[in-house]
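Asker: Here you go, this is upload06.txt (compact mmCIF, C-alpha atoms and all ligand atoms).
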```
# COMPACT_ATOMS: atom_id res chain seq x y z
CA MET U 1 0.00 0.00 0.00
CA MET U 2 1.16 3.55 -0.67
CA ALA U 3 1.89 6.04 2.08
CA ALA U 4 -1.23 7.84 3.23
CA PRO U 5 -1.81 11.29 1.77
CA VAL U 6 -1.47 14.26 4.12
CA GLY U 7 -3.89 17.17 3.91
CA THR U 8 -6.12 19.61 5.71
CA ASP U 9 -9.49 18.39 4.42
CA ILE U 10 -11.64 17.84 7.52
CA ASN U 11 -14.61 16.63 5.48
CA ARG U 12 -12.51 13.99 3.79
CA ALA U 13 -11.24 12.78 7.19
CA ALA U 14 -14.82 12.66 8.49
CA GLU U 15 -16.01 10.74 5.43
CA LEU U 16 -13.26 8.15 5.88
CA LEU U 17 -14.03 7.75 9.60
CA ARG U 18 -17.71 7.24 8.80
CA ALA U 19 -16.65 4.51 6.38
CA GLY U 20 -14.78 2.70 9.17
CA LYS U 21 -11.28 3.74 8.05
CA LEU U 22 -8.28 4.82 10.13
CA VAL U 23 -7.20 8.46 9.98
CA GLY U 24 -4.27 10.33 11.51
CA MET U 25 -5.72 13.12 13.66
CA PRO U 26 -3.90 16.13 15.12
CA THR U 27 -4.41 17.00 18.76
CA GLU U 28 -2.65 19.54 20.97
CA THR U 29 -0.76 16.71 22.74
CA VAL U 30 0.34 14.24 20.05
CA TYR U 31 -1.14 12.90 16.81
CA GLY U 32 -3.76 10.19 17.25
CA LEU U 33 -4.73 7.18 15.16
CA ALA U 34 -8.46 7.83 14.92
CA ALA U 35 -11.33 5.43 14.29
CA ASN U 36 -15.06 5.22 15.03
CA ALA U 37 -15.26 4.10 18.68
CA LEU U 38 -18.66 2.45 18.07
CA ASP U 39 -17.43 0.35 15.12
CA ALA U 40 -15.85 -2.87 16.43
CA THR U 41 -14.14 -3.64 13.13
CA ALA U 42 -12.54 -0.20 12.99
CA VAL U 43 -11.43 -0.45 16.64
CA THR U 44 -9.86 -3.84 15.97
CA ALA U 45 -8.01 -2.34 13.00
CA VAL U 46 -6.50 0.30 15.33
CA PHE U 47 -5.00 -2.40 17.56
CA GLU U 48 -3.64 -4.17 14.48
CA ALA U 49 -2.17 -1.06 12.85
CA LYS U 50 -0.34 -0.17 16.06
CA ASN U 51 0.61 -3.74 16.82
CA ARG U 52 -0.90 -3.00 20.21
CA PRO U 53 -1.86 -5.77 22.62
CA SER U 54 -5.60 -6.00 23.12
CA PHE U 55 -5.23 -5.63 26.90
CA ASP U 56 -4.17 -1.99 26.47
CA PRO U 57 -7.33 0.17 26.37
CA LEU U 58 -7.99 3.13 24.06
CA ILE U 59 -8.95 6.73 24.85
CA VAL U 60 -12.34 7.93 23.60
CA HIS U 61 -12.43 11.46 22.13
CA LEU U 62 -15.43 13.79 22.02
CA PRO U 63 -15.71 17.45 20.99
CA ASP U 64 -17.36 18.62 24.19
CA TRP U 65 -17.72 17.55 27.83
CA SER U 66 -21.51 17.95 27.58
CA LEU U 67 -21.58 14.96 25.18
CA VAL U 68 -20.07 12.53 27.71
CA PRO U 69 -23.12 11.40 29.78
CA PRO U 70 -24.60 9.07 27.11
CA TYR U 71 -21.50 6.86 27.40
CA VAL U 72 -20.99 6.62 31.17
CA LEU U 73 -22.91 5.53 34.26
CA GLU U 74 -22.29 8.78 36.08
CA VAL U 75 -20.20 11.91 36.08
CA PRO U 76 -18.93 12.57 39.62
CA PRO U 77 -18.80 16.21 40.80
CA LEU U 78 -15.00 16.03 40.99
CA ALA U 79 -14.87 15.11 37.29
CA ASN U 80 -17.02 18.13 36.44
CA ARG U 81 -14.71 20.40 38.42
CA LEU U 82 -11.69 19.09 36.53
CA ALA U 83 -13.50 19.42 33.22
CA ASP U 84 -14.52 23.01 33.98
CA ALA U 85 -10.93 23.95 34.72
CA PHE U 86 -8.96 21.97 32.13
CA LEU U 87 -11.19 20.90 29.23
CA PRO U 88 -10.97 21.07 26.35
CA GLY U 89 -7.31 20.28 26.95
CA PRO U 90 -4.66 17.69 27.75
CA LEU U 91 -6.45 15.91 30.61
CA THR U 92 -8.08 12.48 30.14
CA ILE U 93 -10.66 11.46 32.75
CA LEU U 94 -11.59 7.85 33.59
CA LEU U 95 -15.32 7.33 34.17
CA THR U 96 -17.38 4.16 34.64
CA LYS U 97 -18.61 3.20 31.19
CA ASN U 98 -22.02 1.99 30.14
CA ALA U 99 -22.89 -0.64 27.52
CA ARG U 100 -22.55 1.77 24.58
CA ILE U 101 -18.78 1.60 25.00
CA SER U 102 -17.57 -1.89 24.12
CA ASP U 103 -15.17 -3.99 26.19
CA LEU U 104 -12.90 -3.94 23.17
CA VAL U 105 -12.28 -0.21 23.67
CA THR U 106 -11.61 -0.48 27.42
CA ALA U 107 -9.88 -3.89 27.23
CA GLY U 108 -12.54 -5.27 29.53
CA LEU U 109 -11.99 -2.63 32.22
CA PRO U 110 -15.01 -1.01 33.86
CA ARG U 111 -13.84 2.54 33.16
CA VAL U 112 -13.55 4.40 29.87
CA ALA U 113 -10.93 7.08 29.31
CA ILE U 114 -12.56 10.27 28.03
CA ARG U 115 -10.63 13.05 26.34
CA ILE U 116 -11.83 16.40 24.98
CA PRO U 117 -8.93 17.69 22.86
CA ALA U 118 -8.32 21.43 22.54
CA HIS U 119 -6.89 21.39 19.01
CA PRO U 120 -9.26 23.38 16.78
CA VAL U 121 -8.93 20.93 13.86
CA ALA U 122 -9.62 17.92 16.10
CA ARG U 123 -12.63 19.67 17.63
CA GLN U 124 -14.04 20.58 14.25
CA LEU U 125 -13.56 17.03 12.99
CA LEU U 126 -15.19 15.54 16.09
CA ARG U 127 -18.10 17.97 15.86
CA THR U 128 -18.72 16.88 12.27
CA LEU U 129 -19.11 13.26 13.40
CA HIS U 130 -22.02 11.74 15.27
CA PHE U 131 -19.94 9.18 17.12
CA PRO U 132 -16.98 9.26 19.53
CA VAL U 133 -13.53 8.49 18.20
CA VAL U 134 -10.85 6.24 19.68
CA ALA U 135 -7.37 7.66 19.16
CA PRO U 136 -4.26 6.16 20.64
CA SER U 137 -1.04 7.96 19.83
CA ALA U 138 -0.30 7.26 16.15
CA ASN U 139 2.92 5.28 16.64
CA PRO U 140 3.74 1.60 16.61
CA PHE U 141 3.23 0.18 20.12
CA GLY U 142 6.08 1.09 22.46
CA TYR U 143 7.65 3.77 20.26
CA VAL U 144 7.81 7.56 20.69
CA SER U 145 4.54 9.41 19.98
CA PRO U 146 4.26 11.54 16.80
CA THR U 147 4.11 15.32 17.08
CA THR U 148 3.84 16.16 13.37
CA ALA U 149 1.81 14.76 10.47
CA GLN U 150 5.07 13.63 8.84
CA HIS U 151 5.93 11.50 11.91
CA VAL U 152 2.62 9.69 11.41
CA VAL U 153 3.29 9.06 7.72
CA ASP U 154 6.82 7.85 8.51
CA GLN U 155 5.61 5.26 10.98
CA LEU U 156 2.08 4.23 10.06
CA GLY U 157 1.66 5.68 6.58
CA ASP U 158 0.94 2.34 4.91
CA LYS U 159 -1.73 1.37 7.45
CA ILE U 160 -4.00 4.41 7.32
CA THR U 161 -5.98 6.16 4.61
CA TYR U 162 -5.34 9.83 5.39
CA VAL U 163 -3.42 12.07 7.77
CA LEU U 164 -5.19 15.26 8.73
CA ASP U 165 -2.46 17.87 9.17
CA GLY U 166 -2.97 20.29 12.05
CA GLY U 167 0.64 21.47 12.30
CA PRO U 168 3.14 20.56 15.00
CA CYS U 169 1.55 19.69 18.36
CA VAL U 170 1.78 22.59 20.81
CA VAL U 171 1.88 20.50 24.01
CA GLY U 172 4.03 17.65 22.71
CA LEU U 173 3.39 15.20 25.57
CA GLU U 174 0.38 12.91 25.88
CA SER U 175 -2.55 13.91 28.06
CA THR U 176 -2.47 13.49 31.82
CA ILE U 177 -4.75 10.59 32.83
CA ILE U 178 -6.78 10.93 36.02
CA GLY U 179 -9.41 8.77 37.70
CA PHE U 180 -11.02 8.40 41.09
CA GLU U 181 -10.52 5.71 43.71
CA ASP U 182 -12.67 5.79 46.82
CA GLY U 183 -13.73 9.25 45.69
CA GLY U 184 -10.15 10.58 45.62
CA PRO U 185 -8.28 11.68 42.49
CA VAL U 186 -5.45 9.46 41.19
CA VAL U 187 -3.13 10.36 38.31
CA TYR U 188 -2.19 7.29 36.23
CA ARG U 189 -0.11 9.05 33.59
CA LYS U 190 1.74 12.35 33.96
CA GLY U 191 1.18 14.50 30.90
CA GLY U 192 0.15 17.86 29.48
CA VAL U 193 -1.63 19.09 32.64
CA ALA U 194 0.82 19.32 35.55
CA VAL U 195 -0.10 17.44 38.72
CA GLU U 196 0.53 20.66 40.66
CA ALA U 197 -2.14 22.47 38.60
CA ILE U 198 -4.66 19.79 39.55
CA GLU U 199 -3.64 19.99 43.20
CA ASP U 200 -3.99 23.78 43.16
CA LEU U 201 -7.48 23.54 41.70
CA LEU U 202 -8.70 20.88 44.12
CA ALA U 203 -6.75 22.27 47.08
CA ARG U 204 -5.65 18.76 48.00
CA LYS U 205 -2.87 16.27 47.37
CA VAL U 206 -3.37 14.04 44.33
CA ALA U 207 -2.07 10.46 44.36
CA VAL U 208 0.22 9.57 41.44
CA ARG U 209 0.31 5.88 40.52
CA THR U 210 2.19 5.33 37.29
CA HIS U 211 3.96 2.23 35.98
CA SER U 212 3.54 0.21 39.13
CA SER U 213 3.47 -3.47 38.28
CA SER U 214 0.92 -3.93 41.05
CA ASN U 215 -1.42 -1.56 39.23
CA PRO U 216 -3.30 -3.43 36.52
CA THR U 217 -5.78 -0.58 36.05
CA THR U 218 -3.47 1.13 33.53
CA PRO U 219 -1.91 -1.69 31.55
CA GLY U 220 -0.43 0.76 29.04
CA GLN U 221 1.88 2.26 31.61
CA LEU U 222 4.62 -0.20 30.82
CA MET U 223 8.05 1.03 31.82
CA SER U 224 9.44 0.46 28.33
CA HIS U 225 7.04 2.87 26.63
CA TYR U 226 8.03 5.89 24.56
CA ALA U 227 11.31 4.30 23.55
CA PRO U 228 13.41 5.22 20.52
CA GLY U 229 15.53 2.51 18.87
CA ARG U 230 18.79 3.66 20.56
CA ARG U 231 20.02 3.02 24.08
CA VAL U 232 19.08 5.97 26.28
CA GLN U 233 21.34 6.88 29.21
CA LEU U 234 20.10 9.50 31.67
CA PHE U 235 22.32 12.10 33.31
CA ARG U 236 22.10 15.18 35.53
CA ARG U 237 24.33 18.26 35.55
CA ASP U 238 24.65 18.27 39.33
CA ARG U 239 26.17 14.78 39.28
CA PRO U 240 29.48 13.71 37.74
CA LEU U 241 29.03 13.55 33.97
CA PRO U 242 29.03 10.07 32.43
CA GLU U 243 32.02 8.71 30.51
CA ILE U 244 31.11 9.00 26.88
CA ASP U 245 32.28 7.34 23.70
CA VAL U 246 31.82 10.57 21.73
CA ALA U 247 32.09 8.86 18.34
CA SER U 248 28.92 6.83 18.84
CA SER U 249 26.85 9.10 21.07
CA GLY U 250 24.21 11.79 20.83
CA ALA U 251 22.94 14.16 23.50
CA LEU U 252 19.46 15.40 24.34
CA CYS U 253 20.04 18.25 26.76
CA TRP U 254 17.93 20.62 28.79
CA ARG U 255 19.57 24.04 28.25
CA GLU U 256 23.24 23.55 27.28
CA PRO U 257 25.09 21.00 25.16
CA LEU U 258 27.01 18.09 26.61
CA PRO U 259 30.75 18.79 26.16
CA GLY U 260 32.58 16.53 23.72
CA ILE U 261 29.70 15.52 21.47
CA ALA U 262 29.50 16.98 17.94
CA ALA U 263 27.00 19.83 17.55
CA ALA U 264 25.09 17.91 14.86
CA ARG U 265 24.34 15.21 17.43
CA GLN U 266 23.18 17.58 20.12
CA TYR U 267 19.57 18.54 20.66
CA LEU U 268 18.65 21.23 23.18
CA LEU U 269 15.18 21.04 24.70
CA SER U 270 15.01 24.68 25.73
CA PRO U 271 18.02 27.02 25.94
CA GLU U 272 15.74 29.50 27.76
CA GLY U 273 14.83 26.91 30.37
CA ASP U 274 11.12 26.84 29.47
CA LEU U 275 9.49 23.51 30.42
CA SER U 276 6.58 23.84 28.01
CA GLU U 277 9.00 24.44 25.14
CA ALA U 278 10.97 21.40 26.29
CA ALA U 279 7.80 19.28 26.35
CA ARG U 280 6.88 20.44 22.87
CA ARG U 281 10.35 19.54 21.52
CA LEU U 282 11.00 16.30 23.41
CA PHE U 283 9.70 13.61 21.05
CA ALA U 284 11.04 15.32 17.91
CA GLY U 285 14.43 15.38 19.63
CA LEU U 286 14.36 11.69 20.47
CA ARG U 287 13.44 10.97 16.86
CA GLN U 288 16.18 13.22 15.47
CA LEU U 289 18.79 11.35 17.50
CA ASP U 290 17.34 7.95 16.69
CA ILE U 291 19.72 7.26 13.78
CA PRO U 292 22.01 4.30 13.06
CA GLU U 293 25.21 6.33 13.61
CA ILE U 294 24.23 6.92 17.21
CA GLU U 295 24.47 4.03 19.64
CA THR U 296 23.66 5.81 22.87
CA ILE U 297 21.59 8.92 23.48
CA TYR U 298 22.65 10.75 26.65
CA ALA U 299 19.50 12.42 27.90
CA GLU U 300 19.52 15.07 30.61
CA LEU U 301 16.77 15.06 33.22
CA VAL U 302 14.97 18.42 33.52
CA PRO U 303 13.80 20.12 36.75
CA GLU U 304 11.35 17.80 38.52
CA HIS U 305 8.36 20.12 38.76
CA GLY U 306 5.33 21.04 36.62
CA LEU U 307 5.62 19.64 33.09
CA GLY U 308 9.16 18.60 33.99
CA ARG U 309 7.75 15.66 35.91
CA ALA U 310 6.03 14.35 32.75
CA ILE U 311 9.14 14.99 30.62
CA ASN U 312 11.34 13.07 33.09
CA ASP U 313 8.76 10.28 33.19
CA ARG U 314 9.07 9.84 29.40
CA LEU U 315 12.87 10.00 29.56
CA ARG U 316 12.97 7.35 32.30
CA ARG U 317 10.70 5.08 30.27
CA ALA U 318 12.85 5.56 27.19
CA ALA U 319 15.91 4.67 29.26
CA ALA U 320 14.28 1.61 30.80
CA SER U 321 13.80 -0.29 27.58
O1 LIG U 401 -2.79 12.77 24.56
C1 LIG U 401 -3.31 11.66 24.42
O2 LIG U 401 -3.93 11.11 25.34
C2 LIG U 401 -3.17 10.98 23.05
C3 LIG U 401 -3.97 11.79 22.02
C4 LIG U 401 -3.94 11.16 20.66
O3 LIG U 401 -5.28 11.97 22.47
N1 LIG U 401 -3.62 9.62 23.13
C5 LIG U 401 -2.91 8.67 23.77
O4 LIG U 401 -3.45 7.40 23.68
O5 LIG U 401 -1.87 8.90 24.36
P1 LIG U 401 -2.59 6.08 23.99
O6 LIG U 401 -3.49 4.98 23.62
O7 LIG U 401 -1.30 6.15 23.29
O8 LIG U 401 -2.40 6.10 25.53
C6 LIG U 401 -3.53 5.92 26.32
C7 LIG U 401 -3.20 5.42 27.68
C8 LIG U 401 -2.73 3.98 27.67
O9 LIG U 401 -1.59 3.89 28.51
C9 LIG U 401 -3.89 3.22 28.25
O10 LIG U 401 -3.47 2.10 28.99
C10 LIG U 401 -4.57 4.26 29.11
O11 LIG U 401 -4.41 5.45 28.42
N2 LIG U 401 -6.01 3.97 29.23
C11 LIG U 401 -6.92 4.06 28.24
N3 LIG U 401 -8.12 3.66 28.67
C12 LIG U 401 -7.97 3.32 29.95
C13 LIG U 401 -8.85 2.81 30.94
N4 LIG U 401 -10.12 2.57 30.68
N5 LIG U 401 -8.36 2.57 32.16
C14 LIG U 401 -7.05 2.78 32.42
N6 LIG U 401 -6.17 3.26 31.52
C15 LIG U 401 -6.61 3.52 30.31
MG MG U 402 0.66 5.91 23.20
```
Show me, as structure tokens, the structure contained in the file I just sent.
Answerer:
Amino acid sequence: MMAAPVGTDINRAAELLRAGKLVGMPTETVYGLAANALDATAVTAVFEAKNRPSFDPLIVHLPDWSLVPPYVLEVPPLANRLADAFLPGPLTILLTKNARISDLVTAGLPRVAIRIPAHPVARQLLRTLHFPVVAPSANPFGYVSPTTAQHVVDQLGDKITYVLDGGPCVVGLESTIIGFEDGGPVVYRKGGVAVEAIEDLLARKVAVRTHSSSNPTTPGQLMSHYAPGRRVQLFRRDRPLPEIDVASSGALCWREPLPGIAAARQYLLSPEGDLSEAARRLFAGLRQLDIPEIETIYAELVPEHGLGRAINDRLRRAAAS
């Protein structure tokens, strides 16, 4: 099959989704691999295209929070407060599903992940449709998420029919995933909304339970996620720098290059020290350094606050594989 065409035709994307096809969809976080969430054949095709195990559930996308009730048993007050503050935007909320959402979508789990993306093109596409859309990140399972339409074509171009181009993603990290246990909020994936922002809104501590092997509620939080093809070695400036074989290494750095490595193999996340810029540039940087001439990518951890916590989470996962 030929590589999927890239374009900005929302009606064409909608038409293909109505016909049960897979479409690359821009969002403010990362590009998604979109399909009709109510079409079991289309949902199955998403798992196949990504080579994703069927025990890893998909996120359901809608254009507006007001359209959520038909798909869930209830919307707790806490969920409404989060939605008022952060949606549309990079926060995914787990709610108890009803029978309209199939077990295929949630991998048999009782909760469905609901996301209301802020990207204007995604919202317009979703508004055109009369069904919710599943959209995992549009990358092969376990690899770095795409932040441009070209990334989608490069990795999944022969498996989809069209990539809707909405420009480079402005957030650059996947959505934060939050749910409720015994009425209290729990973050299962750090992402585009900082945990501190949620804690400020709710005026309480929020539990963070990511990649714990004792936590089967988020099977996708495998430690080896978000990995490029190279070995990734983490470092920090306030610790002794690692010994480097400069000839075979690249460096993904926070503000300043890593001495010794050629400039062409350096990627700076944000010389100004801006965490949102670093988040936006992270995955493109990992991709840029993911080339055969580089054996090891030395990746610098960023300050561990705000979006920095989500950036470091992705770096640690990349290093763990
Ligand atoms: O920013 C995003 O969320 C992007 C864009 C495209 O919307 N989507 C995305 O989807 O990152 P995906 O499939 O790559 O990651 C979704 C994560 C997985 O780790 C999955 O295990 C978790 O969400 N998840 C989905 N449904 C869940 C559920 N019902 N319960 C627990 N975890 C769930
Ligand atoms: Mg993903």
Asker: Between atom C9 of ligand LIG 401 (chain U) and atom CA of Ala19 of chain U, measure the distance and give it in Å to one decimal.
Answerer: 25.4 Å
Asker: What does the distance from atom CA of Thr210 of chain U to atom CA of Met25 of chain U come to in Å, to one decimal?
Answerer: 26.1 Å
Asker: Just to confirm, what's the straight-line distance from atom CA of Leu17 of chain U to atom CA of Ile177 of chain U in Å (one decimal)?
Answerer: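 Taking atom CA of Leu17 of chain U as the start and atom CA of Ile177 of chain U as the end point, the length is 25.2 Å.
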Asker: Using all atoms listed in the file, determine which residues fall within 10 Å of ligand MG 402 (chain U), then list them as a PyMOL selection string.
Answerer: chain U and resi 30-33+50+52+56+58-59+135-146+173-175+220-221+225-226
Asker: Could you give me the centre and size, in Å to one decimal, of an axis-aligned box around all listed atoms of segment 91-107 of chain U with 3 Å added on every side, as lines of an AutoDock Vina configuration file?
Answerer:
```
center_x = -14.7
center_y = 6.0
center_z = 28.9
size_x = 22.4
size_y = 25.9
size_z = 17.5
```
Asker: Within 12 Å of Arg123 of chain U, counting only C-alpha atoms, which residues qualify if same-chain residues fewer than 3 places away don't, as a list in words?
Answerer: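 Selected residues are Ile10, Ala14, Met25, Pro26, Thr27, Glu28, His61, Leu62, Pro63, Asp64, Trp65, Leu87, Pro88, Gly89, Arg115, Ile116, Pro117, Ala118, His119, Pro120, Leu126, Arg127, Thr128, Leu129, Pro132, Val133 and Gly166 of chain U.
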Asker: Which polymer residues have any atom within 9 Å of an atom of Ile178 of chain U, counting all atoms listed in the file, with same-chain residues fewer than 3 positions away left out, as a list in words?
Answerer: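 Contacts, with the query itself left out: Leu91, Thr92, Ile93, Leu94, Ala113, Pro185, Val186, Val187, Tyr188, Arg189, Lys190 and Val208 of chain U.
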Asker: Between U:Ala207, U:Val23, U:Ala247, U:Val195, which one has atoms that come closest to ligand LIG 401 (chain U), using all atoms listed in the file?
Answerer: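 Smallest separation from ligand LIG 401 (chain U) among the options: U:Val23.
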Asker: For ligand LIG 401 (chain U), which residue out of U:Ile114, U:Leu269, U:Leu22, U:Met2 is the nearest one, using only C-alpha atoms and all ligand atoms?
Answerer: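 Smallest separation from ligand LIG 401 (chain U) among the options: U:Ile114.
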Asker: Would you mind telling me which residue in U:Val152, U:Ala3, U:Val246, U:Ala83 lies nearest to ligand LIG 401 (chain U) when using all atoms listed in the file?
Answerer: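 Between U:Val152, U:Ala3, U:Val246, U:Ala83, the residue approaching ligand LIG 401 (chain U) most closely is U:Val152.
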Asker: Check the smallest atom-to-atom distance from each of U:Arg209, U:Asp84, U:Leu164, U:Gln155 to Leu16 of chain U using only C-alpha atoms, then report the winner.
Answerer: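 Distance minimum relative to Leu16 of chain U lands on U:Leu164.
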Asker: Name the residues, using the chain letters and numbers of the file, that sit within 9 Å of (-16.0, 4.5, 11.7) when counting all atoms listed in the file, and give them as a list in words.
Answerer: Ala14, Glu15, Leu16, Leu17, Arg18, Ala19, Gly20, Lys21, Leu22, Ala34, Ala35, Asn36, Ala37, Leu38, Asp39, Ala40, Thr41, Ala42, Val43, Phe131 and Val133 of chain U
